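A short worksheet on the structure shown next.
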Amino acid sequence: MPVISVIIPCYHSAATLEACLHSLDGQTFRDFEVILVDSTPTGPAGEDVAKRHDRTRWYHHPERLGAHAARNLAAGMAEGRYLAFMDPDMTAEPDWLERFRRAMEQEGRVVVGGGVDSPPGYWARAVHLTKYGWWLSGGRAKVHSQLPSGNFCLPRALFLEMGGFPDRYWEGDTELSYRLRGRGLELWHLPEARTTHYDAPPLRGFLRERWQRGVDTAQARMTRSGWSGVHRALRVGASPVTWGLMMARSARLAIEAGWGGRWLGAAPVIGVGLAAWVAGEARALAAGRR
């Protein structure tokens, strides 16, 4: 049985999957398998790519799955002691899995996540700093409040015990992180366990995704905490303050990771993206649905 199972959800991912799997072929740690769950209606494209790479098992699901549902399905099929999650539009540095394995087996860390780099180009970098500003490469290892679903690793038994990712909204990684912290576990951010995320959506898609993230975060918080109407109203009224605090935190984390200059150049896009997130949160809180 492999030590690590790499979990990759796929949906119309053939264009980026080759580079993703090629980066896994070059890992210095070799005792792993790759599980692809592909819910693309015309699945053979992903299957053809998977067949060209060792250690890869491809499963086609006939119905469209969200990314978290696909990850949960793949985790149930996995045989590794640990699960490492990445996205099909990511590539991993050669020592990615080795750094995870060393942190868990030699340093005693139970849940670990890595740093995420951006591809070149202003727009791609600005989108990246907005979406992955908490998990940049660079800086020092530290305990984090949550880890990204596209670059983290934990014991398979623990993941299954926790019920996997809640798949009813996009913020399932936030909710799983909350549950893990509720168990008293530290979530370690290891900035040198690096992947690169090739994600540069058009402006409309970027803003829609940020808005939906805000909606989902609010719904998760209402479900978890049972906020009263007064609490929700206060939170909505404080939306400008929330935006300012998020901008300040984004800048601080970028500076700590050595991305300060790049953050400053991307600040207009980051500000608009965070405003969309705050607007989505405020809309969901005002509606009050859980």
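Naming scheme: A, B, ... for chains in displayed order of the structure tokens; residues 1 onward per chain; ligands 1 onward as shown.
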Spatial neighbours of A:Gly280, max dist 6 Å, only C-alpha atoms, sep filter under 6 positions, as a PyMOL selection string: chain A and resi 211+214-215
Residue selection dump (C-alpha atoms) as a PDB file, in the first residue's frame:
```pdb
ATOM      1  CA  TRP A 211     -19.077  36.805  -4.227  1.00  0.00           C
ATOM      2  CA  GLY A 214     -18.616  35.272   0.699  1.00  0.00           C
ATOM      3  CA  VAL A 215     -22.134  33.838   0.526  1.00  0.00           C
TER       4      VAL A 215
END
```
Please extract the residues of stretch 65-279 of chain A with a backbone DSSP assignment of helix (DSSP H, G or I) and present them as JSON, numbers by chain. {"A": [67, 68, 69, 70, 71, 72, 73, 74, 75, 76, 77, 96, 97, 98, 99, 100, 101, 102, 103, 104, 105, 122, 123, 124, 125, 126, 127, 128, 129, 130, 131, 156, 157, 158, 159, 160, 161, 172, 173, 174, 175, 176, 177, 178, 179, 180, 181, 182, 203, 204, 205, 206, 207, 208, 209, 210, 211, 212, 213, 214, 215, 216, 217, 218, 219, 220, 221, 222, 223, 224, 225, 229, 230, 231, 232, 233, 234, 235, 236, 237, 239, 240, 241, 242, 243, 244, 245, 246, 247, 248, 249, 250, 251, 252, 253, 254, 255, 256, 260, 261, 262, 263, 264, 265, 266, 267, 268, 269, 270, 271, 272, 273, 274, 275, 276, 277, 278, 279]}
Closest-contact table, stretch 20-90 of chain A side, partner stretch 164-177 of chain A, 8 Å, counting only C-alpha atoms, as a Markdown table:
```
| residue | atom | partner | partner_atom | distance |
| --- | --- | --- | --- | --- |
| A:Gly66 | CA | A:Asp167 | CA | 7.1 |
| A:Ala67 | CA | A:Asp167 | CA | 7.9 |
| A:His68 | CA | A:Asp167 | CA | 5.2 |
| A:Ala69 | CA | A:Asp167 | CA | 5.5 |
| A:Arg71 | CA | A:Phe165 | CA | 7.8 |
| A:Asn72 | CA | A:Gly164 | CA | 5.8 |
```
May I have the residues within 9 Å of A:Ile7 as a list of chain:residue names, using only C-alpha atoms and disregarding those fewer than 6 positions away in the same chain?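 Near neighbours after the sequence-gap exclusion: A:Glu33, A:Val34, A:Ile35, A:Leu36, A:Val37, A:Ala70, A:Arg71, A:Ala74, A:Ala75, A:Ala78, A:Leu83, A:Ala84, A:Phe85, A:Met86, A:Asp87.
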Keeping N, CA and C atoms for every residue in the selection just given, could you write it to a file as a PDB file, in the first residue's frame?
```pdb
ATOM      1  N   GLU A  33       0.333   7.094  -4.755  1.00  0.00           N
ATOM      2  CA  GLU A  33      -0.588   6.844  -5.856  1.00  0.00           C
ATOM      3  C   GLU A  33      -1.348   8.125  -6.141  1.00  0.00           C
ATOM      4  N   VAL A  34      -1.967   8.194  -7.306  1.00  0.00           N
ATOM      5  CA  VAL A  34      -2.791   9.344  -7.688  1.00  0.00           C
ATOM      6  C   VAL A  34      -4.193   8.839  -7.993  1.00  0.00           C
ATOM      7  N   ILE A  35      -5.195   9.457  -7.372  1.00  0.00           N
ATOM      8  CA  ILE A  35      -6.593   9.116  -7.615  1.00  0.00           C
ATOM      9  C   ILE A  35      -7.261  10.301  -8.298  1.00  0.00           C
ATOM     10  N   LEU A  36      -7.738  10.102  -9.524  1.00  0.00           N
ATOM     11  CA  LEU A  36      -8.480  11.124 -10.259  1.00  0.00           C
ATOM     12  C   LEU A  36      -9.953  10.752 -10.279  1.00  0.00           C
ATOM     13  N   VAL A  37     -10.806  11.647  -9.834  1.00  0.00           N
ATOM     14  CA  VAL A  37     -12.242  11.477 -10.016  1.00  0.00           C
ATOM     15  C   VAL A  37     -12.691  12.533 -11.012  1.00  0.00           C
ATOM     16  N   ALA A  70     -16.144  15.292  -5.290  1.00  0.00           N
ATOM     17  CA  ALA A  70     -15.181  14.448  -6.002  1.00  0.00           C
ATOM     18  C   ALA A  70     -14.012  14.078  -5.100  1.00  0.00           C
ATOM     19  N   ARG A  71     -13.551  15.018  -4.300  1.00  0.00           N
ATOM     20  CA  ARG A  71     -12.462  14.715  -3.362  1.00  0.00           C
ATOM     21  C   ARG A  71     -12.898  13.652  -2.353  1.00  0.00           C
ATOM     22  N   ALA A  74     -12.941  10.254  -4.038  1.00  0.00           N
ATOM     23  CA  ALA A  74     -11.582   9.757  -4.248  1.00  0.00           C
ATOM     24  C   ALA A  74     -10.949   9.291  -2.943  1.00  0.00           C
ATOM     25  N   ALA A  75     -11.209  10.008  -1.858  1.00  0.00           N
ATOM     26  CA  ALA A  75     -10.645   9.614  -0.563  1.00  0.00           C
ATOM     27  C   ALA A  75     -11.145   8.244  -0.142  1.00  0.00           C
ATOM     28  N   ALA A  78      -9.055   5.674  -1.942  1.00  0.00           N
ATOM     29  CA  ALA A  78      -7.611   5.739  -1.742  1.00  0.00           C
ATOM     30  C   ALA A  78      -7.124   4.631  -0.811  1.00  0.00           C
ATOM     31  N   LEU A  83      -3.552  11.480   2.819  1.00  0.00           N
ATOM     32  CA  LEU A  83      -4.172  12.058   1.632  1.00  0.00           C
ATOM     33  C   LEU A  83      -3.552  13.421   1.376  1.00  0.00           C
ATOM     34  N   ALA A  84      -3.068  13.638   0.169  1.00  0.00           N
ATOM     35  CA  ALA A  84      -2.560  14.943  -0.249  1.00  0.00           C
ATOM     36  C   ALA A  84      -3.468  15.463  -1.359  1.00  0.00           C
ATOM     37  N   PHE A  85      -3.996  16.659  -1.189  1.00  0.00           N
ATOM     38  CA  PHE A  85      -4.971  17.215  -2.124  1.00  0.00           C
ATOM     39  C   PHE A  85      -4.316  18.273  -3.008  1.00  0.00           C
ATOM     40  N   MET A  86      -4.613  18.195  -4.305  1.00  0.00           N
ATOM     41  CA  MET A  86      -4.220  19.252  -5.226  1.00  0.00           C
ATOM     42  C   MET A  86      -5.287  19.374  -6.307  1.00  0.00           C
ATOM     43  N   ASP A  87      -5.219  20.451  -7.076  1.00  0.00           N
ATOM     44  CA  ASP A  87      -6.189  20.705  -8.136  1.00  0.00           C
ATOM     45  C   ASP A  87      -5.583  20.352  -9.491  1.00  0.00           C
TER      46      ASP A  87
END
```
Please return as a list in words: the residues of stretch 1-78 of chain A that backbone DSSP assigns to strand (DSSP E). Ile4, Ser5, Val6, Ile7, Ile8, Pro9, Cys10, Phe32, Glu33, Val34, Ile35, Leu36, Val37, Asp38, Thr56, Arg57, Trp58, Tyr59 and His60 of chain A
Would you write out those residues with N, CA and C atoms, as a compact mmCIF listing (two decimals), in the first residue's frame?
```
# COMPACT_ATOMS: atom_id res chain seq x y z
N ILE A 4 1.24 7.72 0.52
CA ILE A 4 0.42 8.90 0.25
C ILE A 4 -0.46 8.66 -0.97
N SER A 5 -1.71 9.06 -0.87
CA SER A 5 -2.62 9.10 -2.02
C SER A 5 -2.86 10.56 -2.39
N VAL A 6 -2.53 10.92 -3.61
CA VAL A 6 -2.77 12.28 -4.10
C VAL A 6 -4.16 12.32 -4.72
N ILE A 7 -5.00 13.23 -4.25
CA ILE A 7 -6.40 13.31 -4.66
C ILE A 7 -6.58 14.51 -5.58
N ILE A 8 -7.14 14.26 -6.78
CA ILE A 8 -7.34 15.34 -7.76
C ILE A 8 -8.75 15.24 -8.32
N PRO A 9 -9.61 16.25 -8.09
CA PRO A 9 -10.93 16.28 -8.74
C PRO A 9 -10.81 16.89 -10.12
N CYS A 10 -11.53 16.36 -11.08
CA CYS A 10 -11.42 16.83 -12.47
C CYS A 10 -12.79 17.13 -13.06
N PHE A 32 3.74 6.70 -3.62
CA PHE A 32 2.43 7.35 -3.64
C PHE A 32 1.62 6.84 -4.82
N GLU A 33 0.33 7.09 -4.76
CA GLU A 33 -0.59 6.84 -5.86
C GLU A 33 -1.35 8.13 -6.14
N VAL A 34 -1.97 8.19 -7.31
CA VAL A 34 -2.79 9.34 -7.69
C VAL A 34 -4.19 8.84 -7.99
N ILE A 35 -5.20 9.46 -7.37
CA ILE A 35 -6.59 9.12 -7.62
C ILE A 35 -7.26 10.30 -8.30
N LEU A 36 -7.74 10.10 -9.52
CA LEU A 36 -8.48 11.12 -10.26
C LEU A 36 -9.95 10.75 -10.28
N VAL A 37 -10.81 11.65 -9.83
CA VAL A 37 -12.24 11.48 -10.02
C VAL A 37 -12.69 12.53 -11.01
N ASP A 38 -13.14 12.08 -12.17
CA ASP A 38 -13.45 12.94 -13.31
C ASP A 38 -14.95 12.87 -13.58
N THR A 56 -1.29 6.25 -11.43
CA THR A 56 -2.53 7.01 -11.53
C THR A 56 -3.72 6.09 -11.77
N ARG A 57 -4.75 6.28 -10.94
CA ARG A 57 -6.01 5.57 -11.11
C ARG A 57 -7.08 6.61 -11.48
N TRP A 58 -7.79 6.35 -12.55
CA TRP A 58 -8.80 7.28 -13.07
C TRP A 58 -10.18 6.68 -12.88
N TYR A 59 -11.09 7.48 -12.33
CA TYR A 59 -12.47 7.03 -12.15
C TYR A 59 -13.39 8.08 -12.76
N HIS A 60 -14.29 7.63 -13.64
CA HIS A 60 -15.24 8.55 -14.26
C HIS A 60 -16.59 8.45 -13.57
```
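Restricting the calculation to only C-alpha atoms, the smallest distance between A:Gly288 and any of A:Trp263, A:Trp243, A:Trp227, A:Tyr178 is found for A:Trp227.
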Using only C-alpha atoms, which residues sit within 6 Å of stretch 109-121 of chain A once same-chain residues fewer than 3 positions away are excluded, as a PDB file with C-alpha atoms, in the first residue's frame?
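Resulting contents of part_8.pdb:
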```pdb
ATOM      1  CA  ALA A 103       6.552  17.093   8.490  1.00  0.00           C
ATOM      2  CA  MET A 104       4.087  14.383   9.477  1.00  0.00           C
ATOM      3  CA  ALA A 124      -2.864  35.986 -12.872  1.00  0.00           C
ATOM      4  CA  ARG A 125      -0.764  37.297  -9.982  1.00  0.00           C
ATOM      5  CA  HIS A 128      -3.752  34.699  -7.034  1.00  0.00           C
ATOM      6  CA  TRP A 135      -1.132  30.585   1.703  1.00  0.00           C
ATOM      7  CA  LEU A 136       1.703  32.131  -0.268  1.00  0.00           C
ATOM      8  CA  SER A 137       5.092  30.510  -0.675  1.00  0.00           C
ATOM      9  CA  LEU A 147      -5.757  25.368   4.871  1.00  0.00           C
ATOM     10  CA  ASN A 151      -2.585  22.003  -1.234  1.00  0.00           C
ATOM     11  CA  PHE A 152      -2.776  20.168   2.051  1.00  0.00           C
ATOM     12  CA  CYS A 153      -2.211  16.738   3.553  1.00  0.00           C
ATOM     13  CA  LEU A 154      -3.540  14.760   6.525  1.00  0.00           C
ATOM     14  CA  LEU A 187      -3.068  23.336  11.026  1.00  0.00           C
ATOM     15  CA  TRP A 188       0.492  23.914   9.857  1.00  0.00           C
ATOM     16  CA  HIS A 189       1.280  26.095   6.857  1.00  0.00           C
ATOM     17  CA  LEU A 190       4.565  24.958   5.271  1.00  0.00           C
ATOM     18  CA  PRO A 191       5.396  27.614   2.652  1.00  0.00           C
ATOM     19  CA  ALA A 193       5.788  22.657   0.158  1.00  0.00           C
ATOM     20  CA  ARG A 194       4.992  24.506  -3.040  1.00  0.00           C
ATOM     21  CA  THR A 195       2.512  24.194  -5.834  1.00  0.00           C
ATOM     22  CA  THR A 196       1.766  26.644  -8.649  1.00  0.00           C
ATOM     23  CA  HIS A 197      -1.867  27.381  -9.456  1.00  0.00           C
ATOM     24  CA  TYR A 198      -2.600  28.257 -13.100  1.00  0.00           C
TER      25      TYR A 198
END
```
Between A:Val143, A:Val49, A:Asp31, A:Tyr11, which is the closest to A:His61 once you count only C-alpha atoms? A:Tyr11
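Among A:His12, A:Arg102, A:Arg283, A:Arg140, the residue with the shortest atom-to-atom distance to A:Asp89, counting only C-alpha atoms, is A:His12.
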Selection: 7 Å around A:Gln27, only C-alpha atoms, excl. self and same-chain fewer than 3 positions, as a PyMOL selection string: chain A and resi 23-24+30+94-95+97
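Closest to A:Ala284 among A:Val236, A:Ile270, A:Met246, A:Ala251 is A:Val236, based on only C-alpha atoms.
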Quote the spacing between atom CA of A:Ala126 and atom CA of A:Thr91 in Å to one decimal place.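 Spanning atom CA of A:Ala126 to atom CA of A:Thr91 is a straight-line distance of 18.8 Å.
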When distances are computed from only C-alpha atoms, which of A:Trp134, A:Met247, A:Thr28, A:Pro88 shows the smallest separation from A:Ser13? A:Pro88
Could you tell me how far atom CA of A:Glu79 lies from atom CA of A:Leu158, in Å and to one decimal? 13.6 Å
